[in-house]
file my_file_13.csv (CSV, N, CA and C atoms)
chain,number,residue,atom,x,y,z
A,1,MET,N,7.1,-43.4,18.3
A,1,MET,CA,6.8,-44.1,19.6
A,1,MET,C,7.7,-43.6,20.7
A,2,GLY,N,7.2,-43.2,21.8
A,2,GLY,CA,7.9,-42.7,22.9
A,2,GLY,C,8.5,-43.9,23.7
A,3,GLY,N,9.5,-43.6,24.5
A,3,GLY,CA,10.1,-44.7,25.3
A,3,GLY,C,9.7,-44.7,26.7
A,4,GLY,N,8.7,-44.0,27.1
A,4,GLY,CA,8.3,-43.9,28.5
A,4,GLY,C,7.5,-45.1,29.1
A,5,GLY,N,7.5,-46.2,28.3
A,5,GLY,CA,6.8,-47.3,28.8
A,5,GLY,C,5.3,-47.3,28.7
A,6,LYS,N,4.8,-46.2,28.1
A,6,LYS,CA,3.4,-46.1,27.9
A,6,LYS,C,3.0,-46.7,26.6
A,7,SER,N,1.8,-47.3,26.6
A,7,SER,CA,1.3,-48.0,25.4
A,7,SER,C,0.8,-46.9,24.4
A,8,ASP,N,1.0,-47.1,23.1
A,8,ASP,CA,0.4,-46.2,22.1
A,8,ASP,C,-1.1,-46.4,22.0
A,9,LEU,N,-1.6,-47.6,22.4
A,9,LEU,CA,-3.0,-47.9,22.2
A,9,LEU,C,-3.6,-48.0,23.6
A,10,ALA,N,-4.6,-47.2,23.9
A,10,ALA,CA,-5.3,-47.3,25.2
A,10,ALA,C,-6.8,-47.5,24.8
A,11,LEU,N,-7.4,-48.5,25.4
A,11,LEU,CA,-8.8,-48.8,25.2
A,11,LEU,C,-9.4,-49.1,26.5
A,12,PRO,N,-10.5,-48.3,26.9
A,12,PRO,CA,-11.2,-48.6,28.1
A,12,PRO,C,-12.0,-49.8,28.0
A,13,LEU,N,-11.4,-51.0,28.0
A,13,LEU,CA,-12.1,-52.3,27.6
A,13,LEU,C,-13.2,-52.6,28.6
A,14,SER,N,-13.0,-52.4,29.9
A,14,SER,CA,-14.0,-52.7,30.9
A,14,SER,C,-15.3,-51.9,30.6
A,15,GLU,N,-15.1,-50.6,30.3
A,15,GLU,CA,-16.2,-49.7,30.0
A,15,GLU,C,-16.9,-50.1,28.7
A,16,LEU,N,-16.1,-50.5,27.7
A,16,LEU,CA,-16.6,-50.9,26.4
A,16,LEU,C,-17.4,-52.2,26.5
A,17,GLU,N,-17.0,-53.1,27.4
A,17,GLU,CA,-17.7,-54.4,27.6
A,17,GLU,C,-19.1,-54.2,28.0
A,18,ASP,N,-19.3,-53.1,28.8
A,18,ASP,CA,-20.7,-52.9,29.3
A,18,ASP,C,-21.5,-52.0,28.3
A,19,TYR,N,-20.8,-51.4,27.3
A,19,TYR,CA,-21.5,-50.5,26.4
A,19,TYR,C,-22.6,-51.1,25.6
A,20,GLY,N,-22.4,-52.3,25.1
A,20,GLY,CA,-23.4,-53.0,24.3
A,20,GLY,C,-24.6,-53.3,25.1
A,21,SER,N,-24.4,-53.8,26.3
A,21,SER,CA,-25.6,-54.1,27.1
A,21,SER,C,-26.3,-52.8,27.5
A,22,ARG,N,-25.6,-51.8,27.8
A,22,ARG,CA,-26.3,-50.5,28.1
A,22,ARG,C,-27.1,-50.0,27.0
A,23,LEU,N,-26.6,-50.1,25.7
A,23,LEU,CA,-27.4,-49.7,24.5
A,23,LEU,C,-28.6,-50.5,24.4
A,24,ARG,N,-28.5,-51.8,24.6
A,24,ARG,CA,-29.6,-52.7,24.5
A,24,ARG,C,-30.7,-52.4,25.6
A,25,ASP,N,-30.2,-52.0,26.7
A,25,ASP,CA,-31.1,-51.6,27.8
A,25,ASP,C,-31.9,-50.3,27.4
A,26,ILE,N,-31.2,-49.4,26.8
A,26,ILE,CA,-31.9,-48.2,26.3
A,26,ILE,C,-33.0,-48.5,25.3
A,27,LYS,N,-32.6,-49.4,24.4
A,27,LYS,CA,-33.6,-49.8,23.4
A,27,LYS,C,-34.9,-50.5,24.1
A,28,THR,N,-34.6,-51.3,25.1
A,28,THR,CA,-35.7,-52.0,25.8
A,28,THR,C,-36.6,-50.9,26.5
A,29,ARG,N,-36.0,-50.0,27.1
A,29,ARG,CA,-36.8,-48.9,27.8
A,29,ARG,C,-37.5,-48.1,26.8
A,30,LEU,N,-36.9,-47.8,25.6
A,30,LEU,CA,-37.7,-47.0,24.6
A,30,LEU,C,-38.9,-47.8,24.1
A,31,ASN,N,-38.8,-49.1,24.1
A,31,ASN,CA,-39.9,-49.9,23.6
A,31,ASN,C,-41.0,-50.1,24.6
A,32,HIS,N,-40.8,-49.7,25.8
A,32,HIS,CA,-41.8,-49.8,26.9
A,32,HIS,C,-42.5,-48.6,27.2
A,33,THR,N,-42.4,-47.5,26.3
A,33,THR,CA,-43.1,-46.3,26.6
A,33,THR,C,-44.6,-46.5,26.6
A,34,LYS,N,-45.1,-47.3,25.7
A,34,LYS,CA,-46.6,-47.5,25.6
A,34,LYS,C,-47.1,-48.1,26.9
A,35,LYS,N,-46.4,-49.1,27.4
A,35,LYS,CA,-46.8,-49.8,28.7
A,35,LYS,C,-46.7,-48.8,29.8
A,36,LEU,N,-45.7,-48.0,29.8
A,36,LEU,CA,-45.5,-47.0,30.9
A,36,LEU,C,-46.7,-46.0,30.9
A,37,PHE,N,-47.0,-45.5,29.7
A,37,PHE,CA,-48.2,-44.6,29.6
A,37,PHE,C,-49.5,-45.3,30.0
A,38,GLU,N,-49.7,-46.5,29.6
A,38,GLU,CA,-50.9,-47.3,30.0
A,38,GLU,C,-51.0,-47.5,31.5
A,39,SER,N,-49.8,-47.7,32.1
A,39,SER,CA,-49.8,-47.9,33.6
A,39,SER,C,-50.3,-46.7,34.4
A,40,TYR,N,-50.2,-45.5,33.8
A,40,TYR,CA,-50.6,-44.3,34.5
A,40,TYR,C,-52.0,-43.8,34.0
A,41,GLN,N,-52.7,-44.6,33.1
A,41,GLN,CA,-53.9,-44.1,32.5
A,41,GLN,C,-55.0,-43.8,33.6
A,42,ASP,N,-55.1,-44.7,34.6
A,42,ASP,CA,-56.2,-44.5,35.6
A,42,ASP,C,-55.8,-43.4,36.5
A,43,ASP,N,-54.5,-43.1,36.7
A,43,ASP,CA,-54.1,-42.0,37.6
A,43,ASP,C,-54.3,-40.6,37.0
A,44,LEU,N,-54.4,-40.6,35.7
A,44,LEU,CA,-54.4,-39.3,35.0
A,44,LEU,C,-55.8,-38.6,35.1
A,45,GLY,N,-56.8,-39.4,35.4
A,45,GLY,CA,-58.2,-38.9,35.5
A,45,GLY,C,-58.7,-38.5,34.2
A,46,ASP,N,-58.7,-37.3,33.8
A,46,ASP,CA,-59.2,-36.9,32.5
A,46,ASP,C,-58.4,-37.6,31.3
A,47,HIS,N,-59.1,-38.1,30.4
A,47,HIS,CA,-58.4,-38.8,29.3
A,47,HIS,C,-57.7,-38.0,28.3
A,48,THR,N,-57.8,-36.7,28.4
A,48,THR,CA,-57.1,-35.7,27.5
A,48,THR,C,-55.6,-36.0,27.5
A,49,VAL,N,-55.0,-36.1,28.7
A,49,VAL,CA,-53.6,-36.3,28.9
A,49,VAL,C,-53.2,-37.6,28.3
A,50,TYR,N,-54.0,-38.7,28.6
A,50,TYR,CA,-53.7,-40.0,28.1
A,50,TYR,C,-53.8,-40.0,26.6
A,51,ASP,N,-54.8,-39.4,26.1
A,51,ASP,CA,-54.9,-39.4,24.6
A,51,ASP,C,-53.8,-38.7,23.9
A,52,ALA,N,-53.3,-37.6,24.6
A,52,ALA,CA,-52.1,-36.9,24.0
A,52,ALA,C,-50.9,-37.8,24.1
A,53,LEU,N,-50.7,-38.5,25.2
A,53,LEU,CA,-49.6,-39.5,25.3
A,53,LEU,C,-49.7,-40.6,24.3
A,54,ASP,N,-50.9,-41.1,24.1
A,54,ASP,CA,-51.1,-42.1,23.1
A,54,ASP,C,-50.8,-41.6,21.7
A,55,ASP,N,-51.2,-40.4,21.4
A,55,ASP,CA,-50.8,-39.8,20.1
A,55,ASP,C,-49.3,-39.7,19.9
A,56,PHE,N,-48.7,-39.2,21.0
A,56,PHE,CA,-47.2,-39.2,21.0
A,56,PHE,C,-46.6,-40.5,20.7
A,57,GLU,N,-47.1,-41.5,21.4
A,57,GLU,CA,-46.6,-42.9,21.2
A,57,GLU,C,-46.8,-43.4,19.8
A,58,SER,N,-47.9,-43.1,19.2
A,58,SER,CA,-48.1,-43.5,17.8
A,58,SER,C,-47.2,-42.8,16.9
A,59,GLY,N,-47.0,-41.5,17.0
A,59,GLY,CA,-46.1,-40.8,16.2
A,59,GLY,C,-44.6,-41.1,16.4
A,60,TRP,N,-44.3,-41.5,17.6
A,60,TRP,CA,-42.9,-41.8,18.0
A,60,TRP,C,-42.5,-43.2,17.5
A,61,GLU,N,-43.4,-44.0,17.1
A,61,GLU,CA,-43.1,-45.4,16.7
A,61,GLU,C,-42.1,-45.5,15.6
A,62,ASP,N,-42.2,-44.8,14.5
A,62,ASP,CA,-41.3,-44.9,13.4
A,62,ASP,C,-39.9,-44.4,13.9
A,63,GLY,N,-39.8,-43.3,14.5
A,63,GLY,CA,-38.5,-42.8,15.0
A,63,GLY,C,-37.9,-43.7,16.0
A,64,ARG,N,-38.7,-44.3,16.8
A,64,ARG,CA,-38.1,-45.3,17.8
A,64,ARG,C,-37.5,-46.5,17.1
A,65,GLU,N,-38.2,-47.0,16.0
A,65,GLU,CA,-37.6,-48.1,15.3
A,65,GLU,C,-36.3,-47.8,14.7
A,66,ASP,N,-36.1,-46.6,14.1
A,66,ASP,CA,-34.9,-46.1,13.6
A,66,ASP,C,-33.8,-46.1,14.6
A,67,ILE,N,-34.2,-45.5,15.8
A,67,ILE,CA,-33.2,-45.4,16.9
A,67,ILE,C,-32.8,-46.8,17.4
A,68,GLY,N,-33.8,-47.7,17.5
A,68,GLY,CA,-33.6,-49.1,17.9
A,68,GLY,C,-32.6,-49.8,17.0
A,69,GLN,N,-32.7,-49.6,15.7
A,69,GLN,CA,-31.8,-50.2,14.8
A,69,GLN,C,-30.4,-49.7,14.9
A,70,SER,N,-30.3,-48.4,15.1
A,70,SER,CA,-29.0,-47.7,15.3
A,70,SER,C,-28.4,-48.2,16.6
A,71,LEU,N,-29.2,-48.4,17.7
A,71,LEU,CA,-28.6,-48.9,18.9
A,71,LEU,C,-28.2,-50.3,18.8
A,72,ASP,N,-28.9,-51.1,18.1
A,72,ASP,CA,-28.5,-52.5,17.8
A,72,ASP,C,-27.2,-52.6,17.1
A,73,ALA,N,-27.0,-51.7,16.0
A,73,ALA,CA,-25.8,-51.7,15.2
A,73,ALA,C,-24.6,-51.3,16.1
A,74,LEU,N,-24.8,-50.2,16.9
A,74,LEU,CA,-23.7,-49.8,17.8
A,74,LEU,C,-23.3,-50.9,18.8
A,75,ALA,N,-24.3,-51.5,19.4
A,75,ALA,CA,-24.1,-52.6,20.3
A,75,ALA,C,-23.3,-53.7,19.7
A,76,LYS,N,-23.6,-54.1,18.5
A,76,LYS,CA,-22.9,-55.2,17.8
A,76,LYS,C,-21.5,-54.7,17.5
A,77,MET,N,-21.3,-53.5,17.1
A,77,MET,CA,-19.9,-53.0,16.8
A,77,MET,C,-19.1,-53.0,18.1
A,78,SER,N,-19.7,-52.6,19.2
A,78,SER,CA,-19.0,-52.5,20.5
A,78,SER,C,-18.6,-54.0,20.9
A,79,ASP,N,-19.5,-54.9,20.7
A,79,ASP,CA,-19.2,-56.3,21.1
A,79,ASP,C,-18.1,-56.8,20.2
A,80,ALA,N,-18.1,-56.5,18.9
A,80,ALA,CA,-17.0,-56.9,18.0
A,80,ALA,C,-15.7,-56.3,18.3
A,81,VAL,N,-15.7,-55.1,18.7
A,81,VAL,CA,-14.4,-54.4,19.1
A,81,VAL,C,-13.8,-55.1,20.3
A,82,VAL,N,-14.7,-55.4,21.3
A,82,VAL,CA,-14.2,-56.0,22.5
A,82,VAL,C,-13.7,-57.4,22.2
A,83,ARG,N,-14.5,-58.2,21.4
A,83,ARG,CA,-14.1,-59.5,21.1
A,83,ARG,C,-12.7,-59.5,20.3
A,84,GLU,N,-12.6,-58.7,19.3
A,84,GLU,CA,-11.4,-58.6,18.5
A,84,GLU,C,-10.2,-58.1,19.3
A,85,PHE,N,-10.4,-57.2,20.2
A,85,PHE,CA,-9.3,-56.7,21.0
A,85,PHE,C,-8.8,-57.7,22.0
A,86,LYS,N,-9.7,-58.5,22.6
A,86,LYS,CA,-9.3,-59.6,23.5
A,86,LYS,C,-8.6,-60.7,22.7
A,87,LYS,N,-9.1,-60.9,21.5
A,87,LYS,CA,-8.4,-62.0,20.7
A,87,LYS,C,-7.0,-61.5,20.3
A,88,LEU,N,-6.8,-60.2,19.9
A,88,LEU,CA,-5.5,-59.7,19.6
A,88,LEU,C,-4.6,-59.7,20.9
A,89,ASP,N,-5.2,-59.3,22.0
A,89,ASP,CA,-4.4,-59.4,23.2
A,89,ASP,C,-3.9,-60.8,23.6
A,90,ASP,N,-4.8,-61.8,23.4
A,90,ASP,CA,-4.5,-63.2,23.7
A,90,ASP,C,-3.4,-63.6,22.7
A,91,ASP,N,-3.5,-63.3,21.4
A,91,ASP,CA,-2.6,-63.7,20.4
A,91,ASP,C,-1.2,-63.1,20.7
A,92,LEU,N,-1.2,-61.8,21.0
A,92,LEU,CA,0.1,-61.2,21.4
A,92,LEU,C,0.8,-61.8,22.6
A,93,ALA,N,0.0,-62.1,23.6
A,93,ALA,CA,0.5,-62.7,24.8
A,93,ALA,C,1.1,-64.1,24.4
A,94,LYS,N,0.4,-64.9,23.6
A,94,LYS,CA,0.9,-66.2,23.1
A,94,LYS,C,2.2,-66.0,22.4
A,95,GLN,N,2.3,-65.1,21.5
A,95,GLN,CA,3.5,-64.8,20.7
A,95,GLN,C,4.7,-64.5,21.7
A,96,VAL,N,4.4,-63.7,22.7
A,96,VAL,CA,5.4,-63.4,23.6
A,96,VAL,C,5.9,-64.6,24.4
A,97,ARG,N,4.9,-65.4,24.8
A,97,ARG,CA,5.3,-66.7,25.6
A,97,ARG,C,6.1,-67.6,24.7
A,98,ASP,N,5.6,-67.8,23.4
A,98,ASP,CA,6.3,-68.7,22.5
A,98,ASP,C,7.7,-68.1,22.1
A,99,GLY,N,7.8,-66.8,22.0
A,99,GLY,CA,9.1,-66.2,21.7
A,99,GLY,C,10.1,-66.4,22.9
A,100,VAL,N,9.6,-66.3,24.1
A,100,VAL,CA,10.5,-66.6,25.3
A,100,VAL,C,10.9,-68.0,25.3
A,101,LYS,N,10.0,-68.9,25.0
A,101,LYS,CA,10.3,-70.4,25.0
A,101,LYS,C,11.4,-70.7,24.0
A,102,GLN,N,11.2,-70.1,22.8
A,102,GLN,CA,12.2,-70.3,21.7
A,102,GLN,C,13.6,-69.8,22.0
A,103,GLU,N,13.6,-68.6,22.6
A,103,GLU,CA,14.9,-68.0,23.0
A,103,GLU,C,15.6,-68.8,24.1
A,104,ASP,N,14.9,-69.4,25.0
A,104,ASP,CA,15.5,-70.0,26.2
A,104,ASP,C,14.9,-71.4,26.4
A,105,PRO,N,15.2,-72.4,25.6
A,105,PRO,CA,14.6,-73.7,25.8
A,105,PRO,C,15.1,-74.4,27.0
A,106,LYS,N,16.3,-74.1,27.5
A,106,LYS,CA,16.9,-74.9,28.6
A,106,LYS,C,16.8,-74.2,29.9
A,107,GLY,N,16.3,-73.0,30.0
A,107,GLY,CA,16.2,-72.3,31.2
A,107,GLY,C,17.3,-71.3,31.5
A,108,GLY,N,18.3,-71.3,30.6
A,108,GLY,CA,19.5,-70.4,30.8
A,108,GLY,C,19.3,-69.2,29.9
A,109,GLN,N,20.2,-68.3,29.8
A,109,GLN,CA,20.1,-67.2,29.0
A,109,GLN,C,20.4,-67.6,27.5
A,110,ALA,N,19.6,-67.2,26.6
A,110,ALA,CA,19.8,-67.5,25.2
A,110,ALA,C,21.1,-66.7,24.8
A,111,GLY,N,22.0,-67.4,24.0
A,111,GLY,CA,23.2,-66.8,23.5
A,111,GLY,C,24.3,-66.6,24.5
A,112,ALA,N,24.1,-67.2,25.7
A,112,ALA,CA,25.2,-67.0,26.7
A,112,ALA,C,26.3,-68.0,26.4
A,113,ALA,N,27.5,-67.6,26.7
A,113,ALA,CA,28.7,-68.4,26.5
A,113,ALA,C,28.7,-69.7,27.3
A,114,LYS,N,29.1,-70.8,26.7
A,114,LYS,CA,29.1,-72.1,27.5
A,114,LYS,C,30.5,-72.4,27.9
call {"tool": "encode", "arguments": {"input": "my_file_13.csv", "output": "structure tokens"}}
result
Amino acid sequence: MGGGGKSDLALPLSELEDYGSRLRDIKTRLNHTKKLFESYQDDLGDHTVYDALDDFESGWEDGREDIGQSLDALAKMSDAVVREFKKLDDDLAKQVRDGVKQEDPKGGQAGAAK
């Protein structure tokens, strides 16, 4: 451990807090490809392009499900890391507060000569 006042543990908690919701948003967008393709069906004119997109969507379904499950698992892990890190931080802060109270119950310096 170095003495430069730097923490040995650095965690971008604010970024990690948003990570789970961003992963869930990606999953939602992945699951809306069929609706997106359907919304352009009339604009495409010839149904050849739409049929190709529909074929892609059908073939993409299994892979999308695997990706969705992975995204869910990563989002849950991210949420758990944030939750546990906050709990640890709160516990450490409480221990510090309790330690200060025990050392100095009367407001003076602990161990000072009377």
call {"tool": "select_by_dssp", "arguments": {"input": "my_file_13.csv", "residues": "chain A", "states": "helix (DSSP H, G or I)", "output": "JSON, numbers by chain"}}
result
{"A": [13, 14, 15, 16, 17, 18, 19, 20, 21, 22, 23, 24, 25, 26, 27, 28, 29, 30, 33, 34, 35, 36, 37, 38, 39, 42, 43, 44, 47, 48, 49, 50, 51, 52, 53, 54, 55, 56, 57, 58, 59, 60, 61, 62, 63, 64, 65, 66, 67, 68, 69, 70, 71, 72, 73, 74, 75, 76, 77, 78, 79, 80, 81, 82, 83, 84, 85, 86, 87, 88, 89, 90, 91, 92, 93, 94, 95, 96, 97, 98, 99, 100, 101, 102, 103]}
call {"tool": "atom_distance", "arguments": {"input": "my_file_13.csv", "atom1": "atom N of A:Ala80", "atom2": "atom C of A:His32"}}
result
27.0 Å
call {"tool": "residues_around", "arguments": {"input": "my_file_13.csv", "residues": "A:Glu57", "least_positions_apart": "6", "cutoff": "8 Å", "atoms": "only N, CA and C atoms", "output": "count of residues only"}}
result
3
call {"tool": "atom_distance", "arguments": {"input": "my_file_13.csv", "atom1": "atom CA of A:Thr28", "atom2": "atom CA of A:Glu15"}}
result
20.1 Å
